[in-house]
Amino acid sequence: MSFNTALSGLNAAQSELEVLSNNIANVSTAGFKGSRAEFGDIFASSAFGGGSTAIGNGTLLQSVSQQFTQGNMNFTSNTLDIAISGEGFFVMAPNQGSSERVFTRAGAFGVDANGNVVNTSGQLLQVFPVNENDGTVQSTSLSSTENLRLPESAGVPQQTAAVTLGVNLPSDTAGLNITDFRPNDNTTYSSSTSVNVFDSQGESHVATVYYVKDVASATGNQWHMFHYIDNEPVDIVGGDTTAQNVPLGIPSSAVIEFESNGLFNPTTGGAVVNPVVPTTGITTVALGPTGANLTEWQAGVDGDQQITFNYDRASTTQFASAFTVNALSQDGFAIGRLTGLDVSDTGVIRATYTNGQSTAVGKIALARFPNSQGLSQVGNTSWSQTTNSGEALPGESGTGTFGLIRSGALEQSNVDLTAELVGLITAQRNFQANAKSIETANAITQTILQIR
């Protein structure tokens, strides 16, 4: 019996050595979770045996349990290196079209030939579907998760419909005769500003607004605005024609008027066109053949396109200071190519494009389990659901008990190398001690055999 008892001890020590060796071998494996060998004693006696005198029969390996403690963060410069700070697992699909789901803490992701975000094993990262604009999740069930695939472009271009401006026009500048305005002579206008606008095919054009303080204004607070696109004149719907000169390429102008305090008041002042109508919107005529007849609008683009120049009342002023552009934006864009990704702490992934647009493409799906130690290892630092682990509970980063997402970081192995080396020495001593027990039992047996 002593041989079997010592042999069980040898087997237990060997198992512990194997577990410790596996931990040490994976000390640099991202997302790896160390294991612990757990043993129980073997105790046997007859139904009516005396419990006070029964001797145990050795030890037995009961379980090799995973230790799901947090590993240290290793920060990198790669956006697709993603770590979970707290509880939860990434949800992965083993291959394209698979309904099976596996779970991992290793977040070293990349992009495959088809634009799918995958890990080093080729498993596909799963995300919850989201609304493109605000990134809000549409569904948080595991059955609704989808492969995270990066789109190549931002879709069709959008022609410019509105330009928003906010400027300070210097009140102390000298008034000019608006009939003398020439866009190629900077002495005939007070200030100018430009903005890129887009046609229906996504082509960029330069829209320029020239500001001329009207010397003939009774209040001294009126400015004429002349609009050009790609250096070609563009008339304003209902615009002032006092300075209009078609042969010289001078378009009709819009007129903006300020109050005596330099503010752009919506009731007594504002952007005005003939006839005088208080408004903030100044709209061009159609840019194609039926309107401005611009050269660039002859090549198959939308000739009916019009652009409204909206002046923001809060940032449009006439103060005694230099000309300043306080606000300048427009709502058009060209087709865009992917330039990068941004991953928020809540797991929303936004794609940014060369046209300045950004789109939410998904929210990283997380899952947790009632009993994480019941998960089954499937290799490549991945686990699968089992009866012991319980059903996967999906959720979003930063909600409930789920941890936060850290982009540009990798969770390192949670193995403490120093502790593992000490454990290795202890396991070796245990092995030697059990071997000594077998040697001692053998010596006793030999002694008995030699009795005459």
# chains A, B, ... in the order shown; residues from 1 in each chain; ligands from 1

call {"tool": "residues_around", "arguments": {"residues": "range 100-110 of chain A", "least_positions_apart": "3", "cutoff": "6 Å", "atoms": "only C-alpha atoms", "output": "list in words"}}
result
Ala30, Gly31, Leu80, Asp81, Ile82, Ala83, Phe89, Phe90, Val91, Met92, Ala93, Val117, Val118, Asn119, Ser382, Trp383 and Ser384 of chain A

call {"tool": "residues_around", "arguments": {"residues": "Thr290 in chain A", "least_positions_apart": "5", "cutoff": "10 Å", "atoms": "only C-alpha atoms", "output": "list of chain:residue names"}}
result
A:Val285, A:Gly303, A:Asp304

call {"tool": "residues_around", "arguments": {"residues": "Gly400 in chain A", "least_positions_apart": "3", "cutoff": "12 Å", "atoms": "only C-alpha atoms", "output": "ChimeraX atom specification"}}
result
/A:86-88,366-368,393-397,403-404

call {"tool": "atom_distance", "arguments": {"atom1": "CA of Trp297 in chain A", "atom2": "CA of Gln357 in chain A"}}
result
24.5 Å

call {"tool": "closest_residue", "arguments": {"among": "A:Gly379, A:Gly166, A:Pro370, A:Gly97", "to": "Phe264 in chain A", "atoms": "only C-alpha atoms"}}
result
A:Gly166

call {"tool": "closest_residue", "arguments": {"among": "A:Gln377, A:Thr188, A:Ser171, A:Thr208", "to": "Glu259 in chain A", "atoms": "only C-alpha atoms"}}
result
A:Ser171

call {"tool": "closest_residue", "arguments": {"among": "A:Thr283, A:Thr164, A:Ser200, A:Thr145", "to": "Ser329 in chain A", "atoms": "only C-alpha atoms"}}
result
A:Thr164

call {"tool": "residues_around", "arguments": {"residues": "Ser252 in chain A", "least_positions_apart": "5", "cutoff": "12 Å", "atoms": "only C-alpha atoms", "output": "PDB file with N, CA and C atoms, in the first residue's frame"}}
result
ATOM      1  N   ILE A 178     -19.031 100.630 -54.255  1.00  0.00           N
ATOM      2  CA  ILE A 178     -19.253  99.232 -54.638  1.00  0.00           C
ATOM      3  C   ILE A 178     -19.177  99.033 -56.148  1.00  0.00           C
ATOM      4  N   THR A 179     -19.388 100.082 -56.910  1.00  0.00           N
ATOM      5  CA  THR A 179     -19.304  99.934 -58.373  1.00  0.00           C
ATOM      6  C   THR A 179     -17.873  99.814 -58.861  1.00  0.00           C
ATOM      7  N   PHE A 181     -15.793  97.678 -57.470  1.00  0.00           N
ATOM      8  CA  PHE A 181     -15.300  96.356 -57.057  1.00  0.00           C
ATOM      9  C   PHE A 181     -14.760  95.546 -58.226  1.00  0.00           C
ATOM     10  N   HIS A 224     -21.577  94.992 -48.759  1.00  0.00           N
ATOM     11  CA  HIS A 224     -21.964  94.189 -49.920  1.00  0.00           C
ATOM     12  C   HIS A 224     -21.047  92.965 -49.980  1.00  0.00           C
ATOM     13  N   MET A 225     -21.669  91.859 -50.359  1.00  0.00           N
ATOM     14  CA  MET A 225     -20.909  90.602 -50.435  1.00  0.00           C
ATOM     15  C   MET A 225     -21.042  90.036 -51.837  1.00  0.00           C
ATOM     16  N   PHE A 226     -19.890  89.843 -52.492  1.00  0.00           N
ATOM     17  CA  PHE A 226     -19.839  89.292 -53.834  1.00  0.00           C
ATOM     18  C   PHE A 226     -19.311  87.860 -53.763  1.00  0.00           C
ATOM     19  N   HIS A 227     -19.974  86.931 -54.449  1.00  0.00           N
ATOM     20  CA  HIS A 227     -19.659  85.511 -54.352  1.00  0.00           C
ATOM     21  C   HIS A 227     -19.086  84.974 -55.662  1.00  0.00           C
ATOM     22  N   TYR A 228     -17.985  84.234 -55.520  1.00  0.00           N
ATOM     23  CA  TYR A 228     -17.333  83.613 -56.672  1.00  0.00           C
ATOM     24  C   TYR A 228     -17.044  82.153 -56.337  1.00  0.00           C
ATOM     25  N   PRO A 233     -18.038  84.360 -61.338  1.00  0.00           N
ATOM     26  CA  PRO A 233     -19.067  85.077 -60.567  1.00  0.00           C
ATOM     27  C   PRO A 233     -20.338  84.252 -60.404  1.00  0.00           C
ATOM     28  N   VAL A 234     -20.964  84.415 -59.249  1.00  0.00           N
ATOM     29  CA  VAL A 234     -22.212  83.714 -58.937  1.00  0.00           C
ATOM     30  C   VAL A 234     -23.209  84.736 -58.402  1.00  0.00           C
ATOM     31  N   ASP A 235     -24.352  84.832 -59.062  1.00  0.00           N
ATOM     32  CA  ASP A 235     -25.385  85.755 -58.614  1.00  0.00           C
ATOM     33  C   ASP A 235     -26.105  85.212 -57.391  1.00  0.00           C
ATOM     34  N   ILE A 236     -26.707  86.163 -56.640  1.00  0.00           N
ATOM     35  CA  ILE A 236     -27.500  85.836 -55.468  1.00  0.00           C
ATOM     36  C   ILE A 236     -28.971  85.961 -55.827  1.00  0.00           C
ATOM     37  N   VAL A 237     -29.790  85.014 -55.363  1.00  0.00           N
ATOM     38  CA  VAL A 237     -31.228  85.080 -55.604  1.00  0.00           C
ATOM     39  C   VAL A 237     -31.774  86.352 -54.960  1.00  0.00           C
ATOM     40  N   GLY A 238     -32.356  87.240 -55.784  1.00  0.00           N
ATOM     41  CA  GLY A 238     -32.895  88.497 -55.279  1.00  0.00           C
ATOM     42  C   GLY A 238     -31.825  89.473 -54.855  1.00  0.00           C
ATOM     43  N   GLY A 239     -30.598  89.268 -55.325  1.00  0.00           N
ATOM     44  CA  GLY A 239     -29.483  90.097 -54.907  1.00  0.00           C
ATOM     45  C   GLY A 239     -29.534  91.520 -55.433  1.00  0.00           C
ATOM     46  N   ASP A 240     -28.686  92.372 -54.857  1.00  0.00           N
ATOM     47  CA  ASP A 240     -28.590  93.770 -55.259  1.00  0.00           C
ATOM     48  C   ASP A 240     -27.822  93.850 -56.578  1.00  0.00           C
ATOM     49  N   THR A 241     -28.349  94.588 -57.549  1.00  0.00           N
ATOM     50  CA  THR A 241     -27.727  94.665 -58.882  1.00  0.00           C
ATOM     51  C   THR A 241     -27.047  95.997 -59.134  1.00  0.00           C
ATOM     52  N   THR A 242     -26.874  96.789 -58.083  1.00  0.00           N
ATOM     53  CA  THR A 242     -26.296  98.124 -58.264  1.00  0.00           C
ATOM     54  C   THR A 242     -24.922  98.059 -58.907  1.00  0.00           C
ATOM     55  N   ALA A 243     -24.087  97.107 -58.455  1.00  0.00           N
ATOM     56  CA  ALA A 243     -22.716  97.012 -58.982  1.00  0.00           C
ATOM     57  C   ALA A 243     -22.569  95.904 -60.011  1.00  0.00           C
ATOM     58  N   GLN A 244     -23.667  95.194 -60.337  1.00  0.00           N
ATOM     59  CA  GLN A 244     -23.570  94.059 -61.253  1.00  0.00           C
ATOM     60  C   GLN A 244     -23.096  94.506 -62.629  1.00  0.00           C
ATOM     61  N   ASN A 245     -22.108  93.774 -63.173  1.00  0.00           N
ATOM     62  CA  ASN A 245     -21.549  94.095 -64.491  1.00  0.00           C
ATOM     63  C   ASN A 245     -21.161  92.789 -65.149  1.00  0.00           C
ATOM     64  N   VAL A 246     -22.041  92.281 -66.010  1.00  0.00           N
ATOM     65  CA  VAL A 246     -21.820  90.974 -66.617  1.00  0.00           C
ATOM     66  C   VAL A 246     -20.556  90.925 -67.452  1.00  0.00           C
ATOM     67  N   VAL A 273     -31.274  91.017 -48.690  1.00  0.00           N
ATOM     68  CA  VAL A 273     -31.178  91.026 -50.147  1.00  0.00           C
ATOM     69  C   VAL A 273     -32.322  91.872 -50.675  1.00  0.00           C
ATOM     70  N   ASN A 274     -32.187  92.344 -51.886  1.00  0.00           N
ATOM     71  CA  ASN A 274     -33.268  93.145 -52.472  1.00  0.00           C
ATOM     72  C   ASN A 274     -34.460  92.269 -52.848  1.00  0.00           C
ATOM     73  N   ILE A 282     -28.291  83.490 -47.446  1.00  0.00           N
ATOM     74  CA  ILE A 282     -28.025  84.120 -48.750  1.00  0.00           C
ATOM     75  C   ILE A 282     -27.804  82.985 -49.735  1.00  0.00           C
ATOM     76  N   THR A 283     -28.711  82.843 -50.694  1.00  0.00           N
ATOM     77  CA  THR A 283     -28.699  81.681 -51.573  1.00  0.00           C
ATOM     78  C   THR A 283     -28.279  82.063 -52.979  1.00  0.00           C
ATOM     79  N   THR A 284     -27.382  81.258 -53.527  1.00  0.00           N
ATOM     80  CA  THR A 284     -26.925  81.500 -54.898  1.00  0.00           C
ATOM     81  C   THR A 284     -27.981  81.029 -55.891  1.00  0.00           C
ATOM     82  N   VAL A 285     -27.869  81.519 -57.103  1.00  0.00           N
ATOM     83  CA  VAL A 285     -28.682  80.955 -58.172  1.00  0.00           C
ATOM     84  C   VAL A 285     -28.150  79.564 -58.486  1.00  0.00           C
ATOM     85  N   ALA A 292     -25.867  80.309 -62.899  1.00  0.00           N
ATOM     86  CA  ALA A 292     -24.551  80.938 -62.995  1.00  0.00           C
ATOM     87  C   ALA A 292     -23.759  80.461 -64.202  1.00  0.00           C
TER      88      ALA A 292
END

call {"tool": "atom_distance", "arguments": {"atom1": "CA of Val378 in chain A", "atom2": "CA of Val27 in chain A"}}
result
18.3 Å

call {"tool": "closest_residue", "arguments": {"among": "A:Ile307, A:Gly155, A:Ile364, A:Gly175", "to": "Ile229 in chain A", "atoms": "only C-alpha atoms"}}
result
A:Ile307

call {"tool": "select_by_dssp", "arguments": {"residues": "range 3-51 of chain A", "states": "helix (DSSP H, G or I)", "output": "PyMOL selection string"}}
result
chain A and resi 3-25

call {"tool": "write_last_selection", "arguments": {"atoms": "N, CA and C atoms", "output": "short mmCIF file (atom, residue, chain, number, x, y, z; two decimals), in the first residue's frame"}}
result
data_model
loop_
_atom_site.label_atom_id
_atom_site.label_comp_id
_atom_site.auth_asym_id
_atom_site.auth_seq_id
_atom_site.Cartn_x
_atom_site.Cartn_y
_atom_site.Cartn_z
N PHE A 3 3.64 1.70 -1.43
CA PHE A 3 4.12 1.98 -2.77
C PHE A 3 3.08 2.80 -3.55
N ASN A 4 1.82 2.42 -3.47
CA ASN A 4 0.76 3.13 -4.18
C ASN A 4 0.58 4.55 -3.66
N THR A 5 0.70 4.69 -2.35
CA THR A 5 0.57 6.02 -1.75
C THR A 5 1.68 6.95 -2.26
N ALA A 6 2.91 6.45 -2.23
CA ALA A 6 4.03 7.26 -2.70
C ALA A 6 3.92 7.51 -4.20
N LEU A 7 3.43 6.51 -4.95
CA LEU A 7 3.29 6.69 -6.40
C LEU A 7 2.27 7.78 -6.72
N SER A 8 1.18 7.84 -5.94
CA SER A 8 0.20 8.91 -6.16
C SER A 8 0.82 10.27 -5.88
N GLY A 9 1.72 10.31 -4.88
CA GLY A 9 2.43 11.56 -4.59
C GLY A 9 3.35 11.96 -5.74
N LEU A 10 4.05 10.94 -6.33
CA LEU A 10 4.90 11.22 -7.50
C LEU A 10 4.07 11.78 -8.65
N ASN A 11 2.93 11.15 -8.91
CA ASN A 11 2.06 11.61 -10.00
C ASN A 11 1.56 13.03 -9.75
N ALA A 12 1.22 13.30 -8.49
CA ALA A 12 0.74 14.64 -8.15
C ALA A 12 1.84 15.67 -8.34
N ALA A 13 3.04 15.35 -7.88
CA ALA A 13 4.17 16.27 -8.04
C ALA A 13 4.47 16.48 -9.52
N GLN A 14 4.38 15.41 -10.32
CA GLN A 14 4.62 15.52 -11.75
C GLN A 14 3.57 16.42 -12.41
N SER A 15 2.32 16.27 -12.00
CA SER A 15 1.25 17.11 -12.55
C SER A 15 1.48 18.58 -12.19
N GLU A 16 1.87 18.81 -10.96
CA GLU A 16 2.12 20.19 -10.56
C GLU A 16 3.29 20.79 -11.33
N LEU A 17 4.33 19.98 -11.55
CA LEU A 17 5.46 20.45 -12.35
C LEU A 17 5.03 20.82 -13.77
N GLU A 18 4.12 20.02 -14.34
CA GLU A 18 3.64 20.28 -15.70
C GLU A 18 2.81 21.57 -15.76
N VAL A 19 1.97 21.76 -14.75
CA VAL A 19 1.16 22.98 -14.70
C VAL A 19 2.04 24.21 -14.56
N LEU A 20 3.00 24.14 -13.64
CA LEU A 20 3.91 25.26 -13.42
C LEU A 20 4.75 25.53 -14.66
N SER A 21 5.20 24.48 -15.32
CA SER A 21 6.00 24.64 -16.53
C SER A 21 5.20 25.31 -17.64
N ASN A 22 3.91 24.93 -17.75
CA ASN A 22 3.05 25.56 -18.76
C ASN A 22 2.84 27.04 -18.46
N ASN A 23 2.67 27.37 -17.18
CA ASN A 23 2.54 28.78 -16.79
C ASN A 23 3.79 29.56 -17.17
N ILE A 24 4.94 29.00 -16.85
CA ILE A 24 6.21 29.69 -17.12
C ILE A 24 6.42 29.85 -18.62
N ALA A 25 6.04 28.82 -19.39
CA ALA A 25 6.21 28.89 -20.85
C ALA A 25 5.35 29.98 -21.47
#

call {"tool": "closest_residue", "arguments": {"among": "A:Gly122, A:Pro94, A:Gly58, A:Gly71", "to": "Asn414 in chain A", "atoms": "only C-alpha atoms"}}
result
A:Gly71

call {"tool": "closest_residue", "arguments": {"among": "A:Ser194, A:Ser204, A:Ser413, A:Thr399", "to": "Asn72 in chain A", "atoms": "only C-alpha atoms"}}
result
A:Ser413
